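Here is the file start_30.cif (mmCIF, C-alpha atoms).
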```cif
data_model
#
loop_
_atom_site.label_atom_id
_atom_site.label_comp_id
_atom_site.auth_asym_id
_atom_site.auth_seq_id
_atom_site.Cartn_x
_atom_site.Cartn_y
_atom_site.Cartn_z
CA MET A 1401 -17.09 -42.45 -45.49
CA ARG A 1402 -17.12 -43.02 -41.75
CA ILE A 1403 -14.92 -41.48 -39.06
CA ASN A 1404 -14.24 -43.22 -35.76
CA LYS A 1405 -11.83 -43.17 -32.83
CA ASP A 1406 -9.10 -44.80 -34.93
CA THR A 1407 -9.19 -42.34 -37.83
CA LEU A 1408 -6.73 -39.75 -36.47
CA GLY A 1409 -4.36 -42.47 -35.27
CA ARG A 1410 -4.42 -44.19 -38.66
CA MET A 1411 -3.68 -40.89 -40.37
CA LEU A 1412 -0.41 -40.60 -38.48
CA THR A 1413 0.88 -43.41 -40.69
CA LYS A 1414 1.71 -42.42 -44.25
CA ASP A 1415 -0.46 -45.11 -45.82
CA GLY A 1416 -3.25 -44.28 -43.41
CA LEU A 1417 -3.41 -40.60 -44.33
CA ASN A 1418 -3.14 -41.50 -47.99
CA SER A 1419 -6.02 -43.97 -47.97
CA ILE A 1420 -8.24 -41.82 -45.75
CA PHE A 1421 -7.68 -38.65 -47.77
CA VAL A 1422 -8.26 -40.51 -51.04
CA GLU A 1423 -11.47 -42.08 -49.74
CA TYR A 1424 -12.64 -38.78 -48.28
CA SER A 1425 -11.92 -36.68 -51.38
CA MET A 1426 -13.60 -39.21 -53.67
CA ALA A 1427 -16.69 -39.33 -51.47
CA VAL A 1428 -17.01 -35.56 -51.06
CA LEU A 1429 -16.26 -34.55 -54.65
CA GLY A 1430 -18.67 -37.24 -55.79
CA ASP A 1431 -21.46 -35.11 -54.33
CA ALA A 1432 -20.61 -32.53 -57.00
CA ARG A 1433 -20.20 -35.25 -59.65
CA LEU A 1434 -16.47 -34.71 -59.76
CA PHE A 1435 -13.64 -37.20 -59.36
CA PRO A 1436 -10.30 -36.08 -57.88
CA ARG A 1437 -6.95 -36.35 -59.65
CA LEU A 1438 -4.50 -36.56 -56.79
CA SER A 1439 -0.78 -36.04 -56.33
CA LEU A 1440 0.74 -38.81 -54.21
CA PRO A 1441 3.95 -36.82 -53.48
CA ARG A 1442 1.85 -33.96 -52.13
CA ILE A 1443 -0.13 -36.27 -49.84
CA CYS A 1444 3.15 -37.74 -48.57
CA ASP A 1445 4.56 -34.25 -48.00
CA ALA A 1446 1.43 -33.18 -46.13
CA HIS A 1447 1.64 -36.28 -43.96
CA ALA A 1448 5.33 -35.78 -43.16
CA ALA A 1449 4.87 -32.09 -42.31
CA TRP A 1450 1.77 -32.72 -40.20
CA LYS A 1451 3.26 -35.64 -38.27
CA SER A 1452 6.50 -33.83 -37.57
CA GLU A 1453 4.66 -30.73 -36.39
CA VAL A 1454 2.28 -32.65 -34.12
CA GLU A 1455 5.25 -34.41 -32.50
CA HIS A 1456 7.14 -31.14 -32.12
CA VAL A 1457 4.19 -29.43 -30.45
CA ARG A 1458 3.64 -32.36 -28.09
CA GLU A 1459 7.26 -32.28 -26.99
CA ASN A 1460 7.64 -28.53 -26.68
CA GLU A 1461 4.32 -27.02 -25.69
CA PRO A 1462 3.54 -27.05 -21.96
CA HIS A 1463 0.74 -29.39 -20.82
CA LEU A 1464 0.59 -31.34 -24.09
CA GLY A 1465 2.80 -34.24 -23.08
CA ASP A 1466 -0.18 -36.61 -23.31
CA GLY A 1467 -0.82 -35.55 -26.88
CA LEU A 1468 -2.82 -32.93 -28.75
CA ASP A 1469 -6.60 -32.79 -28.69
CA HIS A 1470 -8.66 -33.18 -31.86
CA PHE A 1471 -8.96 -29.40 -32.44
CA LYS A 1472 -5.21 -28.91 -32.36
CA GLN A 1473 -4.36 -31.96 -34.46
CA CYS A 1474 -6.96 -30.97 -37.03
CA GLY A 1475 -5.75 -27.36 -37.05
CA HIS A 1476 -2.32 -28.57 -38.12
CA LEU A 1477 -3.78 -31.13 -40.52
CA ALA A 1478 -5.95 -28.57 -42.30
CA PHE A 1479 -3.03 -26.16 -42.53
CA TRP A 1480 -0.78 -28.68 -44.28
CA LEU A 1481 -3.44 -30.16 -46.54
CA ARG A 1482 -4.34 -26.66 -47.66
CA ARG A 1483 -0.70 -25.70 -48.20
CA LEU A 1484 0.27 -28.89 -50.08
CA SER A 1485 -3.02 -29.04 -52.04
CA PRO A 1486 -3.08 -32.74 -53.03
CA VAL A 1487 -5.94 -32.44 -55.55
CA VAL A 1488 -4.36 -31.21 -58.76
CA GLU A 1489 -7.39 -31.52 -61.01
CA VAL A 1490 -10.79 -33.20 -61.20
CA VAL A 1491 -12.65 -35.28 -63.77
CA ASP A 1492 -16.17 -34.21 -64.62
CA LEU A 1493 -18.58 -37.08 -63.98
CA ASP A 1494 -21.69 -35.17 -65.00
CA PHE A 1495 -23.42 -36.53 -68.08
CA GLY A 1496 -25.28 -33.34 -68.79
CA SER A 1497 -28.56 -31.92 -67.63
CA SER A 1498 -30.61 -34.12 -69.96
CA GLU A 1499 -29.68 -37.28 -68.04
CA LEU A 1500 -30.07 -36.34 -64.39
CA PRO A 1501 -30.07 -32.59 -63.67
CA MET A 1502 -27.92 -31.40 -60.79
CA THR A 1503 -29.73 -29.79 -57.91
CA PRO A 1504 -29.04 -26.10 -57.14
CA ARG A 1505 -27.14 -27.26 -54.05
CA GLN A 1506 -24.91 -29.52 -56.17
CA GLN A 1507 -24.29 -26.66 -58.59
CA ASP A 1508 -23.40 -24.29 -55.75
CA PHE A 1509 -21.02 -26.90 -54.36
CA ARG A 1510 -19.40 -27.38 -57.76
CA GLU A 1511 -18.83 -23.63 -58.08
CA LEU A 1512 -17.29 -23.52 -54.61
CA LEU A 1513 -14.95 -26.36 -55.56
CA PHE A 1514 -13.98 -24.66 -58.83
CA GLY A 1515 -12.36 -21.90 -56.81
CA TYR A 1516 -11.54 -23.59 -53.55
CA CYS A 1517 -11.27 -27.36 -54.02
CA ASN A 1518 -8.24 -28.00 -51.81
CA GLU A 1519 -9.26 -25.39 -49.27
CA PHE A 1520 -12.67 -26.97 -48.88
CA LEU A 1521 -11.24 -30.47 -48.48
CA ALA A 1522 -8.55 -29.34 -46.03
CA PHE A 1523 -11.00 -27.47 -43.82
CA ASP A 1524 -13.84 -29.95 -44.04
CA LEU A 1525 -11.82 -33.07 -43.27
CA GLY A 1526 -10.60 -31.44 -40.04
CA TYR A 1527 -14.11 -30.23 -39.31
CA GLN A 1528 -15.61 -33.71 -39.77
CA ILE A 1529 -13.03 -35.23 -37.42
CA CYS A 1530 -13.64 -32.54 -34.76
CA ARG A 1531 -17.38 -33.06 -35.12
CA HIS A 1532 -16.96 -36.78 -34.51
CA TYR A 1533 -14.96 -36.25 -31.32
CA GLU A 1534 -17.41 -33.67 -30.00
CA ALA A 1535 -20.54 -35.62 -30.90
CA HIS A 1536 -19.24 -38.96 -29.60
CA GLN A 1537 -17.36 -38.00 -26.45
CA LYS A 1538 -17.90 -40.81 -24.00
CA ASP A 1539 -18.74 -38.67 -20.98
CA THR A 1540 -20.29 -35.56 -22.50
CA PRO A 1541 -21.45 -36.15 -26.09
CA SER A 1542 -22.55 -32.91 -27.70
CA GLU A 1543 -26.00 -32.93 -29.30
CA ARG A 1544 -25.16 -29.56 -30.79
CA ALA A 1545 -22.14 -31.05 -32.59
CA ARG A 1546 -24.34 -33.76 -34.10
CA SER A 1547 -26.68 -31.21 -35.61
CA LEU A 1548 -24.08 -28.62 -36.57
CA LEU A 1549 -24.00 -28.03 -40.34
CA PRO A 1550 -22.04 -25.00 -41.58
CA SER A 1551 -23.80 -22.99 -44.29
CA LEU A 1552 -22.49 -22.44 -47.80
CA ALA A 1553 -21.69 -18.82 -46.84
CA TYR A 1554 -19.65 -20.05 -43.89
CA TYR A 1555 -17.68 -22.47 -46.08
CA LYS A 1556 -17.08 -19.68 -48.62
CA THR A 1557 -15.78 -17.37 -45.91
CA VAL A 1558 -13.41 -19.98 -44.49
CA CYS A 1559 -12.22 -21.12 -47.92
CA HIS A 1560 -11.48 -17.57 -49.04
CA PHE A 1561 -9.67 -16.88 -45.79
CA ILE A 1562 -7.46 -19.94 -45.94
CA LYS A 1563 -6.68 -19.55 -49.64
CA PHE A 1564 -5.75 -15.88 -49.81
CA LYS A 1565 -5.10 -14.62 -46.28
CA THR A 1566 -2.44 -15.34 -43.69
CA VAL A 1567 -3.30 -18.60 -41.98
CA SER A 1568 -1.49 -20.57 -39.31
CA PRO A 1569 -2.16 -23.97 -37.72
CA ASP A 1570 -3.04 -22.09 -34.54
CA ALA A 1571 -5.64 -20.02 -36.38
CA MET A 1572 -7.17 -23.22 -37.76
CA HIS A 1573 -7.14 -24.75 -34.27
CA LEU A 1574 -9.05 -21.77 -32.92
CA ILE A 1575 -11.59 -21.88 -35.76
CA TYR A 1576 -12.41 -25.51 -34.98
CA LYS A 1577 -12.54 -24.91 -31.24
CA SER A 1578 -14.78 -21.86 -31.65
CA LEU A 1579 -17.13 -23.69 -34.01
CA PHE A 1580 -17.91 -26.27 -31.39
CA TYR A 1581 -17.86 -23.94 -28.40
CA HIS A 1582 -21.07 -23.64 -26.47
CA ASN A 1583 -22.16 -22.38 -23.08
CA GLY A 1584 -21.18 -24.73 -20.33
CA MET A 1585 -18.32 -26.27 -22.32
CA GLY A 1586 -15.73 -27.29 -19.75
CA ASP A 1587 -12.33 -26.54 -21.28
CA MET B 892 30.97 -32.88 -67.42
CA THR B 893 27.82 -32.74 -69.54
CA SER B 894 27.50 -35.63 -71.97
CA THR B 895 26.48 -35.22 -75.59
CA LYS B 896 23.48 -37.42 -74.86
CA SER B 897 22.18 -35.21 -72.05
CA LEU B 898 22.69 -32.11 -74.20
CA GLY B 899 20.55 -33.78 -76.84
CA VAL B 900 17.81 -34.56 -74.34
CA ALA B 901 17.85 -30.97 -73.05
CA LYS B 902 17.64 -29.62 -76.59
CA THR B 903 14.74 -31.91 -77.41
CA ALA B 904 12.94 -30.94 -74.18
CA ALA B 905 13.36 -27.25 -74.98
CA GLN B 906 11.59 -27.78 -78.28
CA LEU B 907 8.60 -29.51 -76.74
CA PRO B 908 5.46 -27.64 -75.69
CA PRO B 909 4.95 -27.35 -71.91
CA LEU B 910 2.84 -30.05 -70.30
CA PHE B 911 -0.21 -28.92 -68.33
CA ILE B 912 -2.41 -31.18 -66.25
CA ASP B 913 -5.80 -31.38 -67.89
CA GLY B 914 -9.18 -31.78 -66.25
CA TYR B 915 -12.53 -30.17 -65.57
CA PHE B 916 -11.10 -27.08 -63.84
CA THR B 917 -8.58 -26.52 -66.62
CA GLN B 918 -11.25 -26.84 -69.29
CA ARG B 919 -13.38 -24.22 -67.55
CA VAL B 920 -10.46 -21.81 -67.26
CA LYS B 921 -9.63 -22.39 -70.94
CA ALA B 922 -13.25 -21.61 -71.77
CA GLY B 923 -12.82 -18.24 -70.06
CA ASP B 924 -14.50 -19.04 -66.73
CA ARG B 925 -12.97 -17.77 -63.51
CA PRO B 926 -13.85 -18.93 -60.01
CA SER B 927 -16.02 -16.57 -58.02
CA TYR B 928 -13.50 -15.61 -55.35
CA GLY B 929 -14.22 -13.44 -52.34
CA TYR B 930 -16.17 -13.40 -49.12
CA PRO B 931 -19.95 -13.77 -49.38
CA LYS B 932 -21.76 -10.43 -49.63
CA ASN B 933 -22.14 -9.08 -46.17
CA HIS B 934 -23.20 -5.95 -44.36
CA LEU B 935 -23.89 -4.73 -40.85
CA PRO B 936 -27.27 -6.11 -39.76
CA GLU B 937 -29.93 -3.81 -38.36
CA THR B 938 -30.49 -4.16 -34.62
CA GLU B 939 -32.86 -2.90 -31.98
CA GLY B 940 -32.38 -2.17 -28.30
CA GLU B 941 -29.16 -2.54 -26.34
CA SER B 942 -27.12 -5.31 -24.75
CA GLU B 943 -25.70 -5.60 -21.28
CA VAL B 944 -21.99 -6.46 -21.25
CA VAL B 945 -21.71 -9.89 -19.60
CA THR B 946 -18.70 -12.17 -19.18
CA ILE B 947 -18.25 -15.44 -17.34
CA PHE B 948 -16.55 -13.43 -14.61
CA SER B 949 -19.45 -11.07 -14.05
CA SER B 950 -22.49 -13.26 -14.61
CA PRO B 951 -23.99 -16.03 -12.48
CA PRO B 952 -22.89 -19.48 -13.68
CA PRO B 953 -25.10 -21.00 -16.41
CA ALA B 954 -27.96 -23.16 -15.20
CA LYS B 955 -27.18 -26.89 -15.36
#
```
Show the structure stored in the file as structure tokens.
Amino acid sequence: MRINKDTLGRMLTKDGLNSIFVEYSMAVLGDARLFPRLSLPRICDAHAAWKSEVEHVRENEPHLGDGLDHFKQCGHLAFWLRRLSPVVEVVDLDFGSSELPMTPRQQDFRELLFGYCNEFLAFDLGYQICRHYEAHQKDTPSERARSLLPSLAYYKTVCHFIKFKTVSPDAMHLIYKSLFYHNGMGD
Amino acid sequence: MTSTKSLGVAKTAAQLPPLFIDGYFTQRVKAGDRPSYGYPKNHLPETEGESEVVTIFSSPPPAK
């Protein structure tokens, strides 16, 4: 799956978010040989809540009249995807170790998804979008963003936090912003 | 007013077993597995020496 400058804009339409989340979840879970079983009403609810919140923030928060940056939009997106949890189950696509054994990394990923499927997808989709905007900024593309790859321990920490602790869209915004922060970063 | 027909449907529904969504996760839980929840094991790392407290307000600007 590829992310570009139109991805966030497309997601603001209901069909756009639906098709992008479906494509994304199928691609990512496929790496663990799993196939998502999705709830369309939950995707629609996540879209409606996210869109309404982004519009509300733009209209009411000082200095955001021109719109929210990628960190802020993704903070709200991750919050609602995690809360509405659109993946209700998964289908096992593994044919057993005799056919094509899974690598230890695939097995670790599968175990992470067993406990934190929706949390992983919610966080990682926002992360991938932020990474695109940081790595492909026209004026100051970040080499660091291109090579950034959170570890399994980092994903576990974030997933546990957003599943069981008190999380807000602002907290998610700050996580994304901090992940991509580096010395010399302008704003 | 509740119709006789809807009462019949409600009665039938009450006699049915609950419907659960089935899938890989459900099968694992049924088999007795539980996800491994919790933060990764962590502890305070050992360090050496000391650090000067530096902020953007006290240090020279970073080299371009």
>> Once the PyMOL selection byres ((chain B and resi 922-931) around 6) is applied to the coordinates I shared, what remains selected? I want it as a ChimeraX atom specification.
In response: /A:1514-1515,1553,1557,1560 /B:919-921,932
>> As a check of understanding, name the residues that the PyMOL selection byres ((chain A and resi 1513) around 10) selects in the supplied structure, as a ChimeraX atom specification.
In response: /A:1429,1432,1434,1490,1507-1512,1514-1521,1556,1559 /B:916,926
>> Once the PyMOL selection byres ((chain A and resi 1444) around 10) is applied to the coordinates I shared, what remains selected? I want it as a VMD selection string.
In response: chain A and resid 1413 to 1415 1417 to 1418 1439 to 1443 1445 to 1450 1484 1486
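If all atoms listed in the file are the atoms counted, then among B:Thr895, B:Val900, B:Phe948, B:Tyr915 the closest residue to chain A is B:Tyr915.
Among the candidates B:Ser942, B:Ser894, B:Gln906, B:Gln918, the residue lying nearest to chain A is B:Gln918 (atoms considered: all atoms listed in the file).
Separating atom CA of A:Val1487 from atom CA of A:Lys1405 is a distance of 25.8 Å.
Distances here use only C-alpha atoms; by that measure, the residue among A:Ile1403, A:Leu1477, A:Ala1522, A:Leu1552 closest to chain B is A:Leu1552.
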> For the atom pair atom CA of A:Glu1489 and atom CA of A:Leu1549, what is the interatomic distance in Å to one decimal place?
Replying inline: 26.7 Å
> Could you name the residues that touch A:Lys1472 at 12 Å or less, counting only C-alpha atoms, but leaving out those on the same chain fewer than 5 positions away, as JSON, numbers by chain?
Replying inline: {"A": [1408, 1450, 1453, 1454, 1455, 1457, 1458, 1461, 1464, 1467, 1477, 1478, 1479, 1526, 1527, 1529, 1530, 1568, 1569, 1570, 1571, 1572, 1573, 1574, 1575, 1576, 1577, 1578]}
Generate a file of the selected residues that holds C-alpha atoms, formatted as a PDB file, keeping the file's coordinate frame.
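Okay, this is what ended up in selection.pdb:
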```pdb
ATOM      1  CA  LEU A1408      -6.730 -39.750 -36.470  1.00  0.00           C
ATOM      2  CA  TRP A1450       1.770 -32.720 -40.200  1.00  0.00           C
ATOM      3  CA  GLU A1453       4.660 -30.730 -36.390  1.00  0.00           C
ATOM      4  CA  VAL A1454       2.280 -32.650 -34.120  1.00  0.00           C
ATOM      5  CA  GLU A1455       5.250 -34.410 -32.500  1.00  0.00           C
ATOM      6  CA  VAL A1457       4.190 -29.430 -30.450  1.00  0.00           C
ATOM      7  CA  ARG A1458       3.640 -32.360 -28.090  1.00  0.00           C
ATOM      8  CA  GLU A1461       4.320 -27.020 -25.690  1.00  0.00           C
ATOM      9  CA  LEU A1464       0.590 -31.340 -24.090  1.00  0.00           C
ATOM     10  CA  GLY A1467      -0.820 -35.550 -26.880  1.00  0.00           C
ATOM     11  CA  LEU A1477      -3.780 -31.130 -40.520  1.00  0.00           C
ATOM     12  CA  ALA A1478      -5.950 -28.570 -42.300  1.00  0.00           C
ATOM     13  CA  PHE A1479      -3.030 -26.160 -42.530  1.00  0.00           C
ATOM     14  CA  GLY A1526     -10.600 -31.440 -40.040  1.00  0.00           C
ATOM     15  CA  TYR A1527     -14.110 -30.230 -39.310  1.00  0.00           C
ATOM     16  CA  ILE A1529     -13.030 -35.230 -37.420  1.00  0.00           C
ATOM     17  CA  CYS A1530     -13.640 -32.540 -34.760  1.00  0.00           C
ATOM     18  CA  SER A1568      -1.490 -20.570 -39.310  1.00  0.00           C
ATOM     19  CA  PRO A1569      -2.160 -23.970 -37.720  1.00  0.00           C
ATOM     20  CA  ASP A1570      -3.040 -22.090 -34.540  1.00  0.00           C
ATOM     21  CA  ALA A1571      -5.640 -20.020 -36.380  1.00  0.00           C
ATOM     22  CA  MET A1572      -7.170 -23.220 -37.760  1.00  0.00           C
ATOM     23  CA  HIS A1573      -7.140 -24.750 -34.270  1.00  0.00           C
ATOM     24  CA  LEU A1574      -9.050 -21.770 -32.920  1.00  0.00           C
ATOM     25  CA  ILE A1575     -11.590 -21.880 -35.760  1.00  0.00           C
ATOM     26  CA  TYR A1576     -12.410 -25.510 -34.980  1.00  0.00           C
ATOM     27  CA  LYS A1577     -12.540 -24.910 -31.240  1.00  0.00           C
ATOM     28  CA  SER A1578     -14.780 -21.860 -31.650  1.00  0.00           C
TER      29      SER A1578
END
```
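Minimum atom-to-atom distances from A:Tyr1581, A:Trp1480, A:Phe1564, A:Phe1421 to chain B were compared using only C-alpha atoms, and the lowest value belongs to A:Phe1564.
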> In terms of the shortest atom-to-atom distance over all atoms listed in the file, which of B:Lys902, B:Lys896, B:Thr917, B:Leu935 is closest to chain A?
Replying inline: B:Thr917
Output requested as a CSV table (one decimal), keeping the file's coordinate frame - stretch 1488-1522 of chain A, filled out with N, CA and C atoms.
```csv
chain,number,residue,atom,x,y,z
A,1488,VAL,N,-4.9,-32.1,-57.7
A,1488,VAL,CA,-4.4,-31.2,-58.8
A,1488,VAL,C,-5.4,-30.9,-59.9
A,1489,GLU,N,-6.3,-31.8,-60.0
A,1489,GLU,CA,-7.4,-31.5,-61.0
A,1489,GLU,C,-8.6,-32.4,-60.7
A,1490,VAL,N,-9.7,-32.3,-61.4
A,1490,VAL,CA,-10.8,-33.2,-61.2
A,1490,VAL,C,-11.3,-33.6,-62.6
A,1491,VAL,N,-12.0,-34.8,-62.6
A,1491,VAL,CA,-12.6,-35.3,-63.8
A,1491,VAL,C,-14.1,-35.0,-63.6
A,1492,ASP,N,-14.7,-34.5,-64.7
A,1492,ASP,CA,-16.2,-34.2,-64.6
A,1492,ASP,C,-17.0,-35.5,-64.8
A,1493,LEU,N,-17.8,-35.9,-63.9
A,1493,LEU,CA,-18.6,-37.1,-64.0
A,1493,LEU,C,-20.0,-36.8,-64.4
A,1494,ASP,N,-20.3,-35.5,-64.7
A,1494,ASP,CA,-21.7,-35.2,-65.0
A,1494,ASP,C,-22.0,-35.5,-66.5
A,1495,PHE,N,-23.1,-36.1,-66.7
A,1495,PHE,CA,-23.4,-36.5,-68.1
A,1495,PHE,C,-24.3,-35.5,-68.8
A,1496,GLY,N,-24.5,-34.4,-68.2
A,1496,GLY,CA,-25.3,-33.3,-68.8
A,1496,GLY,C,-26.7,-33.3,-68.2
A,1497,SER,N,-27.3,-32.1,-68.3
A,1497,SER,CA,-28.6,-31.9,-67.6
A,1497,SER,C,-29.7,-32.8,-68.2
A,1498,SER,N,-29.5,-33.3,-69.4
A,1498,SER,CA,-30.6,-34.1,-70.0
A,1498,SER,C,-30.7,-35.5,-69.2
A,1499,GLU,N,-29.6,-36.0,-68.7
A,1499,GLU,CA,-29.7,-37.3,-68.0
A,1499,GLU,C,-30.3,-37.2,-66.6
A,1500,LEU,N,-29.6,-36.5,-65.8
A,1500,LEU,CA,-30.1,-36.3,-64.4
A,1500,LEU,C,-29.6,-35.0,-63.9
A,1501,PRO,N,-30.5,-34.0,-64.0
A,1501,PRO,CA,-30.1,-32.6,-63.7
A,1501,PRO,C,-29.5,-32.5,-62.3
A,1502,MET,N,-28.5,-31.6,-62.1
A,1502,MET,CA,-27.9,-31.4,-60.8
A,1502,MET,C,-28.8,-30.5,-60.0
A,1503,THR,N,-28.9,-30.7,-58.7
A,1503,THR,CA,-29.7,-29.8,-57.9
A,1503,THR,C,-29.0,-28.5,-57.8
A,1504,PRO,N,-29.7,-27.4,-57.4
A,1504,PRO,CA,-29.0,-26.1,-57.1
A,1504,PRO,C,-27.9,-26.2,-56.1
A,1505,ARG,N,-28.2,-27.1,-55.1
A,1505,ARG,CA,-27.1,-27.3,-54.0
A,1505,ARG,C,-25.9,-27.9,-54.6
A,1506,GLN,N,-26.1,-28.9,-55.5
A,1506,GLN,CA,-24.9,-29.5,-56.2
A,1506,GLN,C,-24.2,-28.5,-57.0
A,1507,GLN,N,-24.9,-27.7,-57.7
A,1507,GLN,CA,-24.3,-26.7,-58.6
A,1507,GLN,C,-23.5,-25.6,-57.8
A,1508,ASP,N,-24.1,-25.2,-56.6
A,1508,ASP,CA,-23.4,-24.3,-55.8
A,1508,ASP,C,-22.1,-24.9,-55.2
A,1509,PHE,N,-22.2,-26.2,-54.9
A,1509,PHE,CA,-21.0,-26.9,-54.4
A,1509,PHE,C,-19.9,-27.0,-55.4
A,1510,ARG,N,-20.4,-27.3,-56.7
A,1510,ARG,CA,-19.4,-27.4,-57.8
A,1510,ARG,C,-18.7,-26.0,-58.0
A,1511,GLU,N,-19.4,-24.9,-57.9
A,1511,GLU,CA,-18.8,-23.6,-58.1
A,1511,GLU,C,-17.8,-23.3,-57.0
A,1512,LEU,N,-18.2,-23.7,-55.7
A,1512,LEU,CA,-17.3,-23.5,-54.6
A,1512,LEU,C,-16.0,-24.3,-54.8
A,1513,LEU,N,-16.1,-25.5,-55.3
A,1513,LEU,CA,-15.0,-26.4,-55.6
A,1513,LEU,C,-14.1,-25.8,-56.7
A,1514,PHE,N,-14.7,-25.2,-57.7
A,1514,PHE,CA,-14.0,-24.7,-58.8
A,1514,PHE,C,-12.9,-23.7,-58.3
A,1515,GLY,N,-13.3,-22.9,-57.3
A,1515,GLY,CA,-12.4,-21.9,-56.8
A,1515,GLY,C,-11.6,-22.4,-55.6
A,1516,TYR,N,-12.2,-23.3,-54.9
A,1516,TYR,CA,-11.5,-23.6,-53.6
A,1516,TYR,C,-11.5,-25.1,-53.3
A,1517,CYS,N,-11.2,-25.9,-54.2
A,1517,CYS,CA,-11.3,-27.4,-54.0
A,1517,CYS,C,-10.4,-27.8,-52.8
A,1518,ASN,N,-9.1,-27.5,-52.9
A,1518,ASN,CA,-8.2,-28.0,-51.8
A,1518,ASN,C,-8.5,-27.3,-50.5
A,1519,GLU,N,-8.9,-26.1,-50.5
A,1519,GLU,CA,-9.3,-25.4,-49.3
A,1519,GLU,C,-10.5,-26.0,-48.6
A,1520,PHE,N,-11.5,-26.3,-49.4
A,1520,PHE,CA,-12.7,-27.0,-48.9
A,1520,PHE,C,-12.3,-28.3,-48.2
A,1521,LEU,N,-11.6,-29.1,-49.0
A,1521,LEU,CA,-11.2,-30.5,-48.5
A,1521,LEU,C,-10.4,-30.4,-47.2
A,1522,ALA,N,-9.4,-29.5,-47.2
A,1522,ALA,CA,-8.6,-29.3,-46.0
A,1522,ALA,C,-9.4,-28.9,-44.8
```
